[in-house]
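Participant: I have a structure here, written as structure tokens, and I will follow up with some questions on it.
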Amino acid sequence: MESEDDLIKPDDPKDWPTNPEIVFKDVVMRYRDDLDPVLKGLTCTIKPGEKVGIIGRTGAGKSSIIQALFRLIEVEPLSTILISGDDTRDLGLHCLRLNISFIPQTPFLMASTIRDNLDPFGAYSDEQVWQALAEVQLKAHVESLEHGILTEVADNNVAFSAGQKQLMCL
């Protein structure tokens, strides 16, 4: 369970990550001490700007990699996950999770406004939210909605295709 001390650390780097390279070094992860590892020696490097697809059969560990990256489940003590050269265990969870993202196979939108889905922490202006929509080719569609970015996603009258949901997750 995450403690308050895990959320924000006073020495979290500012403007992080500076070099968003992700390095997995001999990552071993298990869901409980009495279970076999679901990740066994995962080692790879993801360079800045690379787009990575993770494929595999059911139970191969695809979701476990994401859980380890976001520190939803802690990896074994001798395992290392580095982002921008920083061990993720040394970062506050807020810093870590605010600055990385992924697009799941089945995209999920919160039952809230389009704006809240794009900017859950309220860190960006409306203009920046509209710019993000323009960059993923959704601006015209959202502009056509009666309430624009304030449209409630849970509203049954608002339909987004799976592809549009994935674009919103970008």
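By convention here, the chains of the structure tokens are called A, B, ... in the order presented, each chain's residues are numbered starting at 1, and ligands are numbered starting at 1 in the order presented.
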Write out as a list of chain:residue names the set of residues from chain A that DSSP, computed on the backbone, places in strand (DSSP E).
Facilitator: A:Ile22, A:Val23, A:Phe24, A:Lys25, A:Asp26, A:Val27, A:Val28, A:Met29, A:Leu39, A:Lys40, A:Gly41, A:Leu42, A:Thr43, A:Cys44, A:Thr45, A:Ile46, A:Thr80, A:Ile81, A:Leu82, A:Ile83, A:Asp86, A:Asp87
Participant: Would you pick out the contacts of Met29 of chain A at 7 Å or less, using only C-alpha atoms, so that residues sharing its chain but fewer than 2 positions from it are not included, and give the list as a PyMOL selection string?
Facilitator: chain A and resi 27+31+37-40+75-76
Participant: Can you list, as a list in words, every protein, DNA or RNA residue that comes within 8 Å of Ile83 of chain A when you count only C-alpha atoms, leaving out same-chain residues fewer than 4 positions away?
Facilitator: Pro17, Asn19, Pro20, Glu21, Ile22, Val23, Asp87 and Thr88 of chain A
Participant: Which residue out of A:Leu170, A:Ile66, A:Ala162, A:Leu96 has the minimum interatomic distance to Leu118 of chain A when only C-alpha atoms are used?
Facilitator: A:Leu170
Participant: Restricting the calculation to only C-alpha atoms: of A:Ser84, A:Gln105, A:Thr151, A:Thr45, which residue gets closest to Lys62 of chain A?
Facilitator: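 Of A:Ser84, A:Gln105, A:Thr151, A:Thr45, the one nearest Lys62 of chain A is A:Gln105, counting only C-alpha atoms.
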Participant: Return as a ChimeraX atom specification the full set of residues in chain A whose backbone-based DSSP assignment is alpha helix (DSSP H).
Facilitator: /A:4-7,62-69,93-99,114-118,126-135,139-143,162-169
Participant: If I take atom CA of Ile81 of chain A and atom CA of Pro107 of chain A, how far is one from the other in Å, to one decimal?
Facilitator: 24.9 Å
Participant: Can you pull out every residue within 7 Å of segment 97-100 of chain A, counting only C-alpha atoms, but drop anything in the same chain fewer than 3 positions away, and send it as JSON, numbers by chain?
Facilitator: {"A": [70, 93, 94]}
Participant: Could you save those same residues with C-alpha atoms as a PDB file, in the first residue's frame?
Facilitator:
ATOM      1  CA  PHE A  70       4.107   2.668 -12.713  1.00  0.00           C
ATOM      2  CA  LEU A  93       4.740   8.262  -7.155  1.00  0.00           C
ATOM      3  CA  HIS A  94       3.103  11.556  -8.137  1.00  0.00           C
TER       4      HIS A  94
END
Participant: Using only C-alpha atoms, which residue out of A:Phe102, A:Lys47, A:Ala132, A:Gly53 lies closest to Gln67 of chain A?
Facilitator: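 Comparing A:Phe102, A:Lys47, A:Ala132, A:Gly53 against Gln67 of chain A, the winner is A:Phe102.
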Participant: Record the distance separating atom CA of Ser101 of chain A and atom CA of Lys14 of chain A, expressed in Å with one decimal.
Facilitator: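 Taking atom CA of Ser101 of chain A as the start and atom CA of Lys14 of chain A as the end point, the length is 18.0 Å.
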